[in-house]
$ cat model_11.cif   # mmCIF, C-alpha atoms
data_work
#
loop_
_atom_site.label_atom_id
_atom_site.label_comp_id
_atom_site.auth_asym_id
_atom_site.auth_seq_id
_atom_site.Cartn_x
_atom_site.Cartn_y
_atom_site.Cartn_z
CA MET A 1 144.26 -8.13 -121.01
CA SER A 2 143.84 -8.68 -124.74
CA LYS A 3 145.27 -6.09 -127.08
CA ASP A 4 142.96 -3.57 -128.72
CA PHE A 5 143.18 -4.21 -132.44
CA SER A 6 140.21 -2.05 -133.48
CA ALA A 7 142.46 0.34 -135.45
CA LEU A 8 144.64 -2.38 -136.99
CA ARG A 9 145.17 -2.17 -140.77
CA VAL A 10 146.90 -4.29 -143.39
CA GLY A 11 150.39 -2.85 -143.83
CA ASP A 12 150.82 -1.94 -140.16
CA GLU A 13 154.27 -2.85 -138.87
CA LEU A 14 155.11 -4.36 -135.51
CA PRO A 15 157.75 -2.63 -133.37
CA ASN A 16 161.10 -4.18 -134.36
CA LEU A 17 163.05 -6.35 -131.98
CA VAL A 18 166.82 -5.95 -132.30
CA LEU A 19 169.04 -8.47 -130.51
CA PRO A 20 172.59 -8.12 -129.23
CA PRO A 21 175.34 -9.69 -131.39
CA VAL A 22 175.31 -13.51 -131.24
CA ASN A 23 178.12 -14.79 -129.04
CA ARG A 24 179.19 -18.14 -127.62
CA THR A 25 177.63 -17.48 -124.23
CA THR A 26 174.22 -16.95 -125.83
CA LEU A 27 174.54 -20.27 -127.66
CA ALA A 28 175.71 -22.15 -124.56
CA LEU A 29 172.82 -20.79 -122.49
CA PHE A 30 170.31 -21.57 -125.21
CA ALA A 31 171.65 -25.12 -125.58
CA GLY A 32 171.14 -25.78 -121.88
CA ALA A 33 167.82 -24.00 -121.55
CA SER A 34 166.23 -25.39 -124.70
CA GLY A 35 167.46 -28.99 -124.42
CA ASP A 36 169.18 -28.82 -127.82
CA TYR A 37 172.62 -30.21 -127.03
CA ASN A 38 173.75 -30.63 -130.65
CA PRO A 39 177.51 -29.91 -130.39
CA ILE A 40 177.52 -28.12 -133.75
CA HIS A 41 176.27 -25.02 -131.85
CA ILE A 42 178.58 -25.10 -128.84
CA ASP A 43 181.69 -27.17 -129.54
CA LEU A 44 184.25 -25.56 -131.85
CA ASP A 45 186.17 -28.84 -132.23
CA PHE A 46 183.05 -30.65 -133.39
CA ALA A 47 182.18 -27.83 -135.79
CA ARG A 48 185.66 -27.98 -137.34
CA GLN A 49 185.50 -31.77 -137.63
CA SER A 50 182.23 -31.23 -139.49
CA GLY A 51 183.97 -29.01 -142.01
CA LEU A 52 182.78 -25.67 -140.62
CA SER A 53 185.00 -22.81 -139.53
CA ASP A 54 183.04 -22.20 -136.33
CA VAL A 55 179.86 -22.93 -134.40
CA PHE A 56 176.62 -21.23 -135.46
CA ALA A 57 173.33 -20.29 -133.81
CA HIS A 58 170.47 -22.71 -133.26
CA GLY A 59 167.68 -22.10 -135.76
CA MET A 60 165.25 -22.33 -132.86
CA LEU A 61 166.99 -19.45 -131.06
CA GLY A 62 166.11 -17.28 -134.03
CA MET A 63 162.55 -18.58 -133.97
CA ALA A 64 162.31 -17.88 -130.22
CA TRP A 65 163.35 -14.29 -130.94
CA LEU A 66 160.69 -14.00 -133.67
CA CYS A 67 158.11 -15.19 -131.15
CA ARG A 68 159.34 -12.50 -128.73
CA LEU A 69 158.60 -9.99 -131.50
CA LEU A 70 155.04 -11.35 -131.60
CA THR A 71 154.40 -11.66 -127.85
CA GLN A 72 155.71 -8.15 -127.15
CA TRP A 73 153.02 -6.98 -129.59
CA ALA A 74 150.12 -9.19 -128.49
CA PRO A 75 149.79 -11.55 -125.52
CA GLN A 76 150.82 -15.15 -126.15
CA GLN A 77 147.24 -16.25 -125.45
CA GLN A 78 146.34 -14.68 -128.84
CA LEU A 79 149.10 -16.43 -130.80
CA ARG A 80 147.44 -19.16 -132.88
CA LYS A 81 150.03 -20.26 -135.41
CA VAL A 82 153.61 -19.60 -136.52
CA ASP A 83 155.29 -21.17 -139.56
CA VAL A 84 158.82 -20.33 -140.63
CA ARG A 85 161.49 -21.39 -143.07
CA PHE A 86 165.14 -21.23 -142.08
CA GLY A 87 166.94 -19.46 -144.91
CA GLY A 88 170.52 -19.25 -143.78
CA ILE A 89 172.90 -19.91 -140.95
CA THR A 90 173.15 -17.24 -138.24
CA HIS A 91 176.84 -16.76 -137.46
CA LEU A 92 178.65 -15.45 -134.40
CA GLY A 93 178.65 -11.66 -134.45
CA ASN A 94 175.40 -11.45 -136.39
CA ILE A 95 173.05 -8.75 -135.12
CA ILE A 96 169.55 -10.00 -135.74
CA SER A 97 166.56 -7.75 -136.26
CA CYS A 98 163.09 -9.27 -136.09
CA ARG A 99 160.41 -7.56 -138.16
CA GLY A 100 156.72 -8.09 -138.63
CA LYS A 101 154.02 -6.65 -140.86
CA VAL A 102 150.30 -7.26 -140.99
CA ILE A 103 149.54 -8.68 -144.44
CA GLU A 104 145.94 -9.81 -144.04
CA LEU A 105 142.97 -9.60 -141.70
CA ASN A 106 141.04 -12.83 -142.03
CA ASP A 107 139.50 -15.72 -140.17
CA LEU A 108 141.52 -18.73 -139.09
CA ALA A 109 139.24 -21.64 -138.17
CA GLY A 110 136.37 -19.18 -137.85
CA GLU A 111 138.21 -16.74 -135.58
CA PRO A 112 139.14 -13.20 -136.72
CA CYS A 113 142.92 -12.97 -136.94
CA ALA A 114 145.77 -10.85 -138.22
CA ARG A 115 148.15 -12.66 -140.53
CA VAL A 116 151.61 -11.25 -139.88
CA GLU A 117 154.64 -11.70 -142.12
CA VAL A 118 157.75 -12.18 -139.98
CA THR A 119 161.40 -11.97 -140.96
CA SER A 120 164.70 -12.20 -139.18
CA VAL A 121 167.61 -10.40 -140.87
CA ASN A 122 171.21 -9.75 -139.88
CA GLN A 123 173.08 -6.43 -140.06
CA PHE A 124 174.01 -7.13 -143.68
CA GLY A 125 170.38 -7.46 -144.73
CA GLN A 126 170.61 -11.24 -145.18
CA ILE A 127 167.32 -12.96 -144.40
CA LYS A 128 167.83 -15.76 -141.88
CA ILE A 129 164.24 -16.75 -141.16
CA ALA A 130 161.03 -15.90 -142.98
CA GLY A 131 157.48 -16.93 -142.33
CA GLU A 132 154.12 -15.90 -141.00
CA ALA A 133 152.05 -15.90 -137.86
CA TRP A 134 148.34 -15.79 -137.11
CA ILE A 135 147.24 -13.72 -134.13
CA ALA A 136 143.69 -13.63 -132.84
CA LEU A 137 142.20 -10.15 -132.80
CA ALA A 138 140.56 -10.61 -129.41
CA MET B 1 168.71 -42.85 -148.99
CA ILE B 2 166.32 -42.59 -146.09
CA ASP B 3 163.96 -45.56 -146.11
CA LYS B 4 160.45 -44.44 -147.05
CA LYS B 5 158.98 -47.26 -144.95
CA TRP B 6 159.04 -44.79 -142.03
CA ILE B 7 156.33 -42.63 -143.60
CA GLY B 8 153.34 -42.80 -141.25
CA HIS B 9 155.41 -44.29 -138.45
CA ALA B 10 154.85 -43.05 -134.89
CA PHE B 11 158.04 -42.79 -132.82
CA PRO B 12 158.33 -42.97 -128.99
CA SER B 13 156.91 -40.02 -127.04
CA SER B 14 158.79 -37.72 -124.65
CA THR B 15 157.47 -36.24 -121.42
CA LEU B 16 158.67 -33.24 -119.43
CA THR B 17 157.26 -31.61 -116.31
CA LEU B 18 157.63 -27.86 -116.69
CA GLU B 19 159.44 -26.32 -113.73
CA ARG B 20 159.45 -22.60 -112.96
CA GLY B 21 163.24 -22.44 -112.78
CA ARG B 22 163.61 -24.09 -116.17
CA LEU B 23 161.15 -21.73 -117.81
CA GLN B 24 162.89 -18.74 -116.23
CA PHE B 25 166.21 -20.07 -117.54
CA PHE B 26 164.77 -20.40 -121.05
CA ALA B 27 163.33 -16.88 -120.85
CA ARG B 28 166.73 -15.56 -119.82
CA ALA B 29 168.52 -17.49 -122.59
CA ILE B 30 166.33 -15.86 -125.26
CA GLY B 31 166.68 -12.42 -123.67
CA GLU B 32 163.01 -12.25 -122.73
CA THR B 33 162.23 -9.09 -120.71
CA ASP B 34 158.45 -9.45 -120.26
CA PRO B 35 157.89 -10.24 -116.55
CA VAL B 36 155.00 -12.53 -117.51
CA TYR B 37 157.68 -15.15 -118.28
CA THR B 38 159.70 -14.81 -115.07
CA ASP B 39 157.42 -13.41 -112.34
CA VAL B 40 154.62 -15.68 -111.13
CA ALA B 41 152.48 -12.76 -109.91
CA ALA B 42 152.77 -11.04 -113.31
CA ALA B 43 151.88 -14.29 -115.07
CA GLN B 44 148.83 -14.85 -112.89
CA SER B 45 147.58 -11.29 -113.29
CA ALA B 46 147.90 -11.80 -117.07
CA GLY B 47 145.55 -14.78 -116.79
CA TYR B 48 147.98 -17.70 -116.68
CA ALA B 49 147.83 -20.42 -114.02
CA ASP B 50 151.60 -20.05 -113.53
CA LEU B 51 154.62 -18.99 -115.60
CA PRO B 52 153.79 -19.78 -119.24
CA ALA B 53 156.24 -21.67 -121.41
CA PRO B 54 157.33 -19.28 -124.20
CA PRO B 55 155.83 -20.40 -127.54
CA THR B 56 158.78 -22.42 -128.84
CA PHE B 57 159.88 -23.95 -125.53
CA ILE B 58 158.04 -27.23 -126.08
CA PHE B 59 160.11 -27.90 -129.22
CA GLY B 60 163.02 -28.90 -126.97
CA ILE B 61 161.18 -31.65 -125.10
CA GLU B 62 161.98 -34.27 -127.75
CA LEU B 63 165.58 -33.08 -127.99
CA GLU B 64 166.25 -33.23 -124.28
CA SER B 65 164.77 -36.70 -123.86
CA GLY B 66 167.05 -38.11 -126.54
CA ALA B 67 164.05 -39.12 -128.67
CA SER B 68 165.15 -36.85 -131.53
CA ASP B 69 168.66 -38.35 -131.56
CA GLN B 70 167.18 -41.83 -131.66
CA LEU B 71 164.85 -40.87 -134.48
CA LEU B 72 167.78 -39.46 -136.49
CA GLN B 73 169.78 -42.63 -135.88
CA THR B 74 166.86 -44.79 -136.94
CA LEU B 75 166.46 -42.79 -140.13
CA GLY B 76 170.22 -42.79 -140.71
CA ILE B 77 170.73 -39.00 -140.62
CA PRO B 78 174.10 -38.01 -139.09
CA LEU B 79 174.14 -34.75 -137.07
CA LYS B 80 176.87 -33.40 -139.35
CA LYS B 81 174.50 -33.55 -142.34
CA LEU B 82 171.41 -32.27 -140.53
CA LEU B 83 169.73 -28.94 -141.20
CA HIS B 84 166.49 -27.59 -139.76
CA GLY B 85 164.55 -26.55 -142.84
CA GLU B 86 161.19 -25.38 -141.56
CA GLN B 87 159.30 -25.21 -138.29
CA GLY B 88 155.66 -24.59 -137.54
CA PHE B 89 153.52 -24.41 -134.42
CA THR B 90 149.76 -24.42 -134.08
CA PHE B 91 148.83 -23.41 -130.55
CA HIS B 92 145.73 -24.60 -128.74
CA GLN B 93 146.40 -23.57 -125.15
CA PRO B 94 149.41 -22.43 -123.15
CA ALA B 95 151.51 -24.84 -121.13
CA CYS B 96 152.51 -23.45 -117.75
CA ALA B 97 154.87 -24.32 -114.93
CA GLY B 98 153.48 -27.36 -113.14
CA ASP B 99 152.12 -28.91 -116.32
CA THR B 100 153.46 -32.20 -117.62
CA VAL B 101 153.71 -32.16 -121.40
CA THR B 102 153.96 -35.27 -123.56
CA VAL B 103 155.09 -34.95 -127.16
CA GLN B 104 154.19 -37.67 -129.66
CA PRO B 105 155.97 -37.56 -133.04
CA ARG B 106 154.99 -39.12 -136.34
CA ILE B 107 156.75 -39.04 -139.71
CA THR B 108 154.41 -37.85 -142.45
CA GLU B 109 156.62 -37.34 -145.50
CA ILE B 110 160.04 -38.36 -146.82
CA TYR B 111 161.22 -37.02 -150.17
CA ASP B 112 164.36 -35.83 -151.93
CA LYS B 113 165.47 -33.07 -154.30
CA LYS B 114 168.43 -32.44 -156.58
CA GLY B 115 168.80 -36.11 -157.49
CA GLY B 116 169.01 -37.19 -153.87
CA ALA B 117 171.59 -34.58 -152.79
CA LEU B 118 169.01 -33.21 -150.36
CA GLU B 119 166.63 -35.48 -148.46
CA PHE B 120 163.67 -34.14 -146.50
CA VAL B 121 161.78 -35.63 -143.57
CA VAL B 122 158.55 -34.08 -142.30
CA LYS B 123 157.64 -34.81 -138.69
CA LEU B 124 154.39 -33.86 -136.98
CA SER B 125 154.41 -33.86 -133.19
CA GLU B 126 151.44 -33.43 -130.90
CA ALA B 127 152.02 -31.90 -127.46
CA ARG B 128 149.41 -32.72 -124.81
CA ASN B 129 149.21 -31.80 -121.14
CA GLN B 130 148.61 -34.09 -118.15
CA ARG B 131 144.84 -33.93 -118.80
CA GLY B 132 145.33 -35.18 -122.36
CA GLU B 133 144.39 -31.78 -123.78
CA LEU B 134 146.10 -30.62 -126.96
CA VAL B 135 148.63 -27.86 -126.20
CA ALA B 136 150.18 -27.52 -129.65
CA GLU B 137 151.02 -29.27 -132.89
CA MET B 138 154.54 -28.92 -134.23
CA ARG B 139 155.61 -29.46 -137.83
CA THR B 140 159.31 -29.94 -138.45
CA VAL B 141 161.08 -30.27 -141.79
CA LEU B 142 164.48 -31.89 -141.35
CA VAL B 143 166.99 -31.73 -144.18
CA CYS B 144 169.79 -34.23 -144.72
CA ARG B 145 172.44 -32.59 -146.85
CA HIS B 146 174.74 -34.92 -148.80
CA ALA B 147 177.57 -32.54 -149.69
#
$ encode --input "model_11.cif" --output "structure tokens"
Amino acid sequence: MSKDFSALRVGDELPNLVLPPVNRTTLALFAGASGDYNPIHIDLDFARQSGLSDVFAHGMLGMAWLCRLLTQWAPQQQLRKVDVRFGGITHLGNIISCRGKVIELNDLAGEPCARVEVTSVNQFGQIKIAGEAWIALA
Amino acid sequence: MIDKKWIGHAFPSSTLTLERGRLQFFARAIGETDPVYTDVAAAQSAGYADLPAPPTFIFGIELESGASDQLLQTLGIPLKKLLHGEQGFTFHQPACAGDTVTVQPRITEIYDKKGGALEFVVKLSEARNQRGELVAEMRTVLVCRHA
């Protein structure tokens, strides 16, 4: 069931993953499903008491979407490593696009892999998450 | 300031048994459409023992148990000042429905920037299954922002 990467080249892009606009329902469901009950993401009163105008998305929701980008491209069994930096808060109404590009073909711990640059950007072009993933070629 | 005595300290572990319904709920919450994550037959024909936990699912095990809250309290980081700076996963094998996963965290670095306005805590957590086999290693950079 592994993906055929024989024609893979540096510079190849993964098919984008575009998400629906972030809304409160998405954040409530993710809080319950992920186990992250931090009220800053689901409780407007708490957010305001914390000096924010509204709740905002969990960073790990954005990372889960980036991993969907990867596993729709290659099976999860081939995903070896993902490292990201959270660059900015994802607000309600943001439409996130997840993008990936092969930047290197190299070994990771002796196994041939593709190193993929991943980014998550909103509809205004603001980068929310940036990082890289290593995916085994077989 | 966060006390640097915690560098190298191992904090209490958290354990969760992965249930099919919970993994399906997580898949739905992230908008996952691949049947491998919701349909047991599809998962098994893709080579999994049962529904696989999506890659980042195991991150929540320490949150749900309350271990993360306790760690933040111990370090003196209020939720209102907390930011998630970086996150990394190194995967060794999938965790599937029916598996019991134990996550053991350890603080590896504490440092500050901008004259102490930003403090950073690096946590490494190992996730192992019920056979003691390594499922994944997680690296978390927590940021405490003193506005």
$ atom_distance --input "model_11.cif" --atom1 "atom CA of B:Ala27" --atom2 "atom CA of A:Ala33"
8.4 Å
$ resolve_selection --input "model_11.cif" --expression "the PyMOL selection byres ((chain A and resi 34) around 7)" --output "VMD selection string"
(chain A and resid 30 to 33 35 to 36) or (chain B and resid 26 57 60)
$ resolve_selection --input "model_11.cif" --expression "the PyMOL selection byres ((chain B) within 7 of (chain A))" --output "PyMOL selection string"
chain B and resi 22+25-26+29-30+46+55-57+60-61+63-64+80+84-91+94
$ atom_distance --input "model_11.cif" --atom1 "atom CA of B:Glu32" --atom2 "atom CA of A:Asn16"
14.3 Å
$ residues_around --input "model_11.cif" --residues "B:Ile107" --least-positions-apart "5" --cutoff "7 Å" --atoms "only C-alpha atoms" --output "list in words"
Trp6, Ile7, Gly8, His9, Ala10, Val122, Lys123 and Leu124 of chain B
$ residues_around --input "model_11.cif" --residues "B:Leu82" --least-positions-apart "6" --cutoff "12 Å" --atoms "all atoms listed in the file" --output "ChimeraX atom specification"
/A:38,40,50,59 /B:68-69,72-73,75-76,118-121,141-147
$ resolve_selection --input "model_11.cif" --expression "the PyMOL selection byres ((chain A and resi 105) around 10)" --output "list of chain:residue names"
A:Leu8, A:Arg9, A:Val10, A:Val102, A:Ile103, A:Glu104, A:Asn106, A:Asp107, A:Leu108, A:Pro112, A:Cys113, A:Ala114, A:Arg115, A:Val116, A:Trp134, A:Ile135, A:Ala136, A:Leu137
$ residues_around --input "model_11.cif" --residues "A:Val121" --least-positions-apart "5" --cutoff "9 Å" --atoms "only C-alpha atoms" --output "MDAnalysis selection string"
chainID A and resid 95:99 126:130
$ atom_distance --input "model_11.cif" --atom1 "atom CA of B:Ile77" --atom2 "atom CA of B:Asp3"
10.9 Å
$ closest_residue --input "model_11.cif" --among "B:Val36, B:Leu71, B:Leu51, B:Ala43" --to "B:Arg106" --atoms "only C-alpha atoms"
B:Leu71
$ decode --input "model_11.cif" --residues "stretch 34-144 of chain B" --atoms "C-alpha atoms" --output "mmCIF file, in the first residue's frame"
data_model
loop_
_atom_site.group_PDB
_atom_site.id
_atom_site.type_symbol
_atom_site.label_atom_id
_atom_site.label_comp_id
_atom_site.auth_asym_id
_atom_site.auth_seq_id
_atom_site.Cartn_x
_atom_site.Cartn_y
_atom_site.Cartn_z
ATOM 1 C CA ASP B 34 -9.777 9.271 4.688
ATOM 2 C CA PRO B 35 -11.810 6.175 5.692
ATOM 3 C CA VAL B 36 -8.649 4.609 7.136
ATOM 4 C CA TYR B 37 -9.296 6.778 10.217
ATOM 5 C CA THR B 38 -12.979 5.954 10.687
ATOM 6 C CA ASP B 39 -13.690 2.559 9.065
ATOM 7 C CA VAL B 40 -12.115 -0.470 10.724
ATOM 8 C CA ALA B 41 -12.205 -2.551 7.524
ATOM 9 C CA ALA B 42 -10.434 0.221 5.586
ATOM 10 C CA ALA B 43 -7.834 0.533 8.346
ATOM 11 C CA GLN B 44 -7.171 -3.206 8.383
ATOM 12 C CA SER B 45 -6.891 -3.451 4.613
ATOM 13 C CA ALA B 46 -4.336 -0.601 4.805
ATOM 14 C CA GLY B 47 -2.252 -2.732 7.162
ATOM 15 C CA TYR B 48 -3.273 -1.393 10.568
ATOM 16 C CA ALA B 49 -4.388 -3.642 13.427
ATOM 17 C CA ASP B 50 -7.361 -1.320 14.005
ATOM 18 C CA LEU B 51 -8.205 2.370 13.482
ATOM 19 C CA PRO B 52 -4.907 4.281 13.681
ATOM 20 C CA ALA B 53 -4.598 7.352 15.868
ATOM 21 C CA PRO B 54 -3.943 10.316 13.539
ATOM 22 C CA PRO B 55 -0.328 11.519 13.935
ATOM 23 C CA THR B 56 -0.930 14.314 16.446
ATOM 24 C CA PHE B 57 -3.626 12.597 18.522
ATOM 25 C CA ILE B 58 -1.225 11.383 21.205
ATOM 26 C CA PHE B 59 -0.262 14.981 22.025
ATOM 27 C CA GLY B 60 -3.564 15.335 23.902
ATOM 28 C CA ILE B 61 -2.978 12.455 26.311
ATOM 29 C CA GLU B 62 -1.047 14.635 28.768
ATOM 30 C CA LEU B 63 -3.593 17.438 28.436
ATOM 31 C CA GLU B 64 -6.607 15.271 29.110
ATOM 32 C CA SER B 65 -5.077 13.597 32.160
ATOM 33 C CA GLY B 66 -4.410 16.957 33.795
ATOM 34 C CA ALA B 67 -0.652 16.262 33.852
ATOM 35 C CA SER B 68 0.066 19.278 31.629
ATOM 36 C CA ASP B 69 -1.925 21.607 33.900
ATOM 37 C CA GLN B 70 -0.032 20.303 36.911
ATOM 38 C CA LEU B 71 3.281 20.767 35.151
ATOM 39 C CA LEU B 72 2.383 24.373 34.268
ATOM 40 C CA GLN B 73 1.355 25.035 37.873
ATOM 41 C CA THR B 74 4.574 23.529 39.169
ATOM 42 C CA LEU B 75 6.606 25.700 36.816
ATOM 43 C CA GLY B 76 4.477 28.749 37.642
ATOM 44 C CA ILE B 77 3.174 29.411 34.111
ATOM 45 C CA PRO B 78 -0.404 30.782 34.099
ATOM 46 C CA LEU B 79 -2.614 29.697 31.161
ATOM 47 C CA LYS B 80 -3.182 33.352 30.267
ATOM 48 C CA LYS B 81 0.544 33.788 29.555
ATOM 49 C CA LEU B 82 1.064 30.468 27.771
ATOM 50 C CA LEU B 83 1.879 30.092 24.090
ATOM 51 C CA HIS B 84 2.729 26.935 22.165
ATOM 52 C CA GLY B 85 5.948 27.853 20.399
ATOM 53 C CA GLU B 86 7.044 24.708 18.604
ATOM 54 C CA GLN B 87 5.993 21.094 18.322
ATOM 55 C CA GLY B 88 7.775 18.073 16.945
ATOM 56 C CA PHE B 89 6.991 14.391 16.577
ATOM 57 C CA THR B 90 9.290 11.512 15.732
ATOM 58 C CA PHE B 91 7.210 8.459 14.895
ATOM 59 C CA HIS B 92 8.315 4.895 15.495
ATOM 60 C CA GLN B 93 5.107 2.924 15.016
ATOM 61 C CA PRO B 94 1.412 3.729 14.820
ATOM 62 C CA ALA B 95 -0.851 3.536 17.846
ATOM 63 C CA CYS B 96 -4.223 1.979 17.082
ATOM 64 C CA ALA B 97 -7.583 1.553 18.763
ATOM 65 C CA GLY B 98 -7.174 -0.988 21.553
ATOM 66 C CA ASP B 99 -3.666 0.164 22.410
ATOM 67 C CA THR B 100 -2.883 1.706 25.780
ATOM 68 C CA VAL B 101 -0.413 4.554 25.421
ATOM 69 C CA THR B 102 1.663 5.960 28.272
ATOM 70 C CA VAL B 103 3.344 9.333 27.859
ATOM 71 C CA GLN B 104 6.336 10.203 30.031
ATOM 72 C CA PRO B 105 7.482 13.847 30.000
ATOM 73 C CA ARG B 106 10.827 15.348 30.955
ATOM 74 C CA ILE B 107 11.971 18.976 30.954
ATOM 75 C CA THR B 108 15.186 19.382 28.976
ATOM 76 C CA GLU B 109 15.705 23.144 28.696
ATOM 77 C CA ILE B 110 14.572 26.372 30.352
ATOM 78 C CA TYR B 111 15.796 29.700 29.003
ATOM 79 C CA ASP B 112 14.634 33.260 28.414
ATOM 80 C CA LYS B 113 14.885 35.977 25.765
ATOM 81 C CA LYS B 114 14.337 39.724 25.633
ATOM 82 C CA GLY B 115 15.588 40.271 29.169
ATOM 83 C CA GLY B 116 13.176 37.746 30.631
ATOM 84 C CA ALA B 117 10.063 39.042 28.815
ATOM 85 C CA LEU B 118 9.783 35.656 27.133
ATOM 86 C CA GLU B 119 10.589 32.429 28.955
ATOM 87 C CA PHE B 120 10.903 29.096 27.165
ATOM 88 C CA VAL B 121 10.477 25.556 28.455
ATOM 89 C CA VAL B 122 11.399 22.550 26.320
ATOM 90 C CA LYS B 123 9.662 19.287 27.177
ATOM 91 C CA LEU B 124 10.429 15.894 25.662
ATOM 92 C CA SER B 125 7.766 13.225 26.048
ATOM 93 C CA GLU B 126 8.056 9.566 25.159
ATOM 94 C CA ALA B 127 4.903 7.686 24.163
ATOM 95 C CA ARG B 128 4.998 3.909 24.603
ATOM 96 C CA ASN B 129 2.354 1.257 24.040
ATOM 97 C CA GLN B 130 1.212 -1.500 26.412
ATOM 98 C CA ARG B 131 4.163 -3.661 25.300
ATOM 99 C CA GLY B 132 6.624 -0.924 26.275
ATOM 100 C CA GLU B 133 7.450 -0.248 22.624
ATOM 101 C CA LEU B 134 8.244 3.308 21.587
ATOM 102 C CA VAL B 135 5.357 4.813 19.587
ATOM 103 C CA ALA B 136 6.644 8.371 19.272
ATOM 104 C CA GLU B 137 8.754 11.079 20.842
ATOM 105 C CA MET B 138 7.236 14.530 21.193
ATOM 106 C CA ARG B 139 9.155 17.771 21.606
ATOM 107 C CA THR B 140 7.211 20.758 22.877
ATOM 108 C CA VAL B 141 8.436 24.324 23.284
ATOM 109 C CA LEU B 142 6.221 26.239 25.696
ATOM 110 C CA VAL B 143 6.472 30.012 25.841
ATOM 111 C CA CYS B 144 5.548 32.106 28.863
#
